[in-house]
2 protein chains.
Amino acid sequence: MGTGRQEAEETSPLTGSARVLAVLRHLAEHPDGSRLADVSAALGAPKSSAHRALGSLVQAGFARQDADGLYHLGFDLMRLVFGYHEARAPSLIVGPLLRRLADETGETTHYGVLVDGNIVYQAKVSPSRPTFQMSSVIGGSNPAYRTGLGKALLMHELTDRNDVDRYVADHGPLEARTPHTLRTPEALHDALREGRRNGYMLDLQENDLGIVCIALPLFLDSPSRPTGAISISAVVGRTTPDDLVGWLPRIREIVAEELGDAVLPTPEPSTGE
Amino acid sequence: MGTGRQEAEETSPLTGSARVLAVLRHLAEHPDGSRLADVSAALGAPKSSAHRALGSLVQAGFARQDADGLYHLGFDLMRLVFGYHEARAPSLIVGPLLRRLADETGETTHYGVLVDGNIVYQAKVSPSRPTFQMSSVIGGSNPAYRTGLGKALLMHELTDRNDVDRYVADHGPLEARTPHTLRTPEALHDALREGRRNGYMLDLQENDLGIVCIALPLFLDSPSRPTGAISISAVVGRTTPDDLVGWLPRIREIVAEELGDAVLPTPEPSTGE
DNA sequence: TCCCTCGTTCCATTTATCGGAACGCTGTTC
DNA sequence: GAACAGCGTTCCGATAAATGGAACGAGGGA
């Protein structure tokens, strides 16, 4: 879920610091460690160049070499990134909320923001007794139109049909990852309108077969534009859409306790179109 | 807890890819974002150089620039590091164990390995209802001699007095972070010996005032040399050393259920010296 | 003992980095 | 409303750092 870019690229010779960063990426994508020859081959660079790049990374604390000669991501980089994440506003503010929701429902919770038409996961809390492992990763992304988080945010950005059409035009066609993915601008528009009416958004196996979720936008900064959205994900069979909606009162209660009652959207009573 | 290196360094002009990596570090250390001028000043480099370095990072997906022009760590880097961490053996193997222990005791649990005389935290699980926030960060480190995790591992590395003396000589003096830190090789040797006898190790406010913990080494690979250690930390006042030791039977039970009964040390009955 | 693998080092060539200076935009001040 | 100040960005000749083919040496197997 949410990869990022291609593995081996033949765009340009890839030189200088760009090559060093490519090596860093390679190390991160190989958790069991990489040999020098692997790195060299993956980059299409001579051994000596790969070796020099690795040397720079090791010296900076961004890579390390174990007793077997295998290169790994450096502990210092992990400390930096984990420290960065824990110090960021989303973790600090919505972290406790996500944990309470995960404990209460026994399901995985997420917080995500909208970046260029995609949802980027900013925080993730698995329940104490995980029933399954969600494939989402912090920093990873998915198209907004086929995730609960994404649609919960889009519904306040794309308020009329023209907005929806422009979104679809700008961010590529609606790719049907599952049979349930919304395929047309009409379907998306209808879903967003219903979301605005209800004050929440459902995702019924639209991004991953077997996964449903309920999502709510959060208005942490501005009362008009949502800052991000939270979601609770579950597996079909164990949880029905009705169950998700049934959690709503309790969800709203917990959100209000943790962040106040101004951060939730006010459902439009019945602004029939 | 576990910083890593100095902030502003005047070692050498710092050029090329080393400078790019320094910029990356700077971004990670400033979670609220950095201006170009900040980066430039922090590196002692001209604006244009800092700008070029940031450009390289942005292009690689390791940095991003928000609408206000502030530079941040890139989402792609977060995805890479979090994905790397979740795919690594320690997370996969001891993760569920740490979670169960955290749930059972209501305290924070850690897994750490010994690297060059220091403990490096590899996994961390906070309880669902955190009573306090531990300052440890994944990838961060602390001297082994004043942490429960570290001593639990040292006790199988430094089995006689000569080993202890050599350790102290190699890894600097025993710095007393708190009044309870072990100050002499004798005290450390005695503590390690008692740990070997008991099959566990206590840390009684030796690294952080107000924090006590109990730690056990894990023998995941070899039956003779521990792979790493797990710990459960608590605040004094709410938890006494006796409470920690009282958890032991349950801890051993859970560890045996999750990983088998061969991964725990066999307490030496009474090998009096 | 030989051989193969793998990480490391060397060095002349070349190419990307360096950085001072100028540009243009935005929001502010007088 | 016009001059100003701060900021990110771009330009370009001089310079220094990256480049990579080849040789080296340690370690492990056959």
# chains A, B, ... in the order shown; residues from 1 in each chain; ligands from 1
call {"tool": "residues_around", "arguments": {"residues": "C:DT9", "least_positions_apart": "2", "cutoff": "10 Å", "atoms": "only C-alpha atoms (C1' of nucleotides)", "output": "number ranges by chain"}}
result
A: 48; C: 7, 11; D: 23-24
call {"tool": "residues_around", "arguments": {"residues": "stretch 11-13 of chain D", "least_positions_apart": "4", "cutoff": "10 Å", "atoms": "only C-alpha atoms (C1' of nucleotides)", "output": "count of residues only"}}
result
3
call {"tool": "residues_around", "arguments": {"residues": "B:Ala41", "least_positions_apart": "6", "cutoff": "12 Å", "atoms": "only C-alpha atoms (C1' of nucleotides)", "output": "NGL selection string"}}
result
:B and (8-9 or 23 or 26 or 34-35 or 47-51)
call {"tool": "select_by_dssp", "arguments": {"residues": "stretch 86-238 of chain B", "states": "strand (DSSP E)", "output": "MDAnalysis selection string"}}
result
chainID B and resid 108:115 118:125 141:143 201:204 211:218 228:235
call {"tool": "closest_atom_pairs", "arguments": {"of": "stretch 57-172 of chain A", "to": "stretch 117-123 of chain B", "cutoff": "12 Å", "atoms": "only C-alpha atoms", "output": "Markdown table"}}
result
| residue | atom | partner | partner_atom | distance |
| --- | --- | --- | --- | --- |
| A:Gly74 | CA | B:Val120 | CA | 11.1 |
| A:Phe75 | CA | B:Val120 | CA | 7.8 |
| A:Asp76 | CA | B:Val120 | CA | 9.8 |
| A:Met78 | CA | B:Gln122 | CA | 9.3 |
| A:Arg79 | CA | B:Tyr121 | CA | 9.0 |
| A:Phe82 | CA | B:Ala123 | CA | 10.9 |
call {"tool": "atom_distance", "arguments": {"atom1": "atom C1' of C:DT13", "atom2": "atom CA of A:Ala53"}}
result
19.6 Å
call {"tool": "interface_residues", "arguments": {"of": "chain A", "to": "chain B", "cutoff": "6 Å", "atoms": "only C-alpha atoms", "output": "list in words"}}
result
Ser17, Ala28, Pro31, Phe75, Asp76, Met78, Arg79, Leu80, Tyr84, Arg88, Val137, Ile138, Gly139 and Gly140 of chain A
call {"tool": "write_last_selection", "arguments": {"atoms": "C-alpha atoms", "output": "JSON list (two decimals), in the first residue's frame"}}
result
[["chain", "number", "residue", "atom", "x", "y", "z"],
["A", 17, "SER", "CA", 24.66, 13.26, -3.83],
["A", 28, "ALA", "CA", 15.82, 1.08, 3.48],
["A", 31, "PRO", "CA", 15.67, -4.77, 5.74],
["A", 75, "PHE", "CA", 20.56, 3.54, 13.93],
["A", 76, "ASP", "CA", 21.09, 7.26, 13.95],
["A", 78, "MET", "CA", 16.11, 5.68, 12.73],
["A", 79, "ARG", "CA", 16.48, 7.76, 15.86],
["A", 80, "LEU", "CA", 16.18, 10.94, 13.83],
["A", 84, "TYR", "CA", 10.94, 13.64, 14.27],
["A", 88, "ARG", "CA", 5.39, 16.41, 15.15],
["A", 137, "VAL", "CA", 2.91, 2.59, 6.61],
["A", 138, "ILE", "CA", 3.42, 6.01, 8.12],
["A", 139, "GLY", "CA", 4.49, 8.30, 5.31],
["A", 140, "GLY", "CA", 2.87, 6.02, 2.74]]
call {"tool": "atom_distance", "arguments": {"atom1": "atom CA of B:Ser222", "atom2": "atom CA of B:Pro249"}}
result
23.3 Å
call {"tool": "residues_around", "arguments": {"residues": "B:Asp208", "least_positions_apart": "2", "cutoff": "8 Å", "atoms": "only C-alpha atoms (C1' of nucleotides)", "output": "list of chain:residue names"}}
result
B:Arg177, B:Thr178, B:Gln205, B:Glu206, B:Gly210, B:Ile211
call {"tool": "write_last_selection", "arguments": {"atoms": "C-alpha atoms", "output": "compact mmCIF listing (two decimals), in the first residue's frame"}}
result
# COMPACT_ATOMS: atom_id res chain seq x y z
CA ARG B 177 23.77 10.31 35.75
CA THR B 178 21.82 9.86 38.98
CA GLN B 205 16.81 4.79 38.92
CA GLU B 206 20.30 4.36 37.55
CA GLY B 210 12.15 8.13 39.12
CA ILE B 211 12.34 5.28 36.60
call {"tool": "closest_residue", "arguments": {"among": "C:DA16, C:DC10, C:DT29, C:DT1", "to": "chain A", "atoms": "only C-alpha atoms (C1' of nucleotides)"}}
result
C:DA16
call {"tool": "interface_residues", "arguments": {"of": "chain D", "to": "chain A", "cutoff": "12 Å", "atoms": "only C-alpha atoms (C1' of nucleotides)", "output": "NGL selection string"}}
result
:D and (17-22 or 27)
call {"tool": "write_last_selection", "arguments": {"atoms": "C-alpha atoms (C1' of nucleotides)", "output": "JSON list (two decimals), in the first residue's frame"}}
result
[["chain", "number", "residue", "atom", "x", "y", "z"],
["D", 17, "DA", "C1'", 35.43, 16.81, -5.39],
["D", 18, "DA", "C1'", 33.35, 12.71, -7.51],
["D", 19, "DT", "C1'", 34.38, 9.21, -11.00],
["D", 20, "DG", "C1'", 35.47, 4.35, -12.23],
["D", 21, "DG", "C1'", 38.72, 1.03, -14.08],
["D", 22, "DA", "C1'", 42.11, -1.74, -12.10],
["D", 27, "DG", "C1'", 38.31, -14.85, 4.15]]
call {"tool": "interface_residues", "arguments": {"of": "chain C", "to": "chain B", "cutoff": "8 Å", "atoms": "only C-alpha atoms (C1' of nucleotides)", "output": "JSON, numbers by chain"}}
result
{"C": [17, 18, 19]}
call {"tool": "residues_around", "arguments": {"residues": "B:Tyr167", "least_positions_apart": "5", "cutoff": "9 Å", "atoms": "only C-alpha atoms (C1' of nucleotides)", "output": "JSON, numbers by chain"}}
result
{"B": [117, 158, 162, 172]}
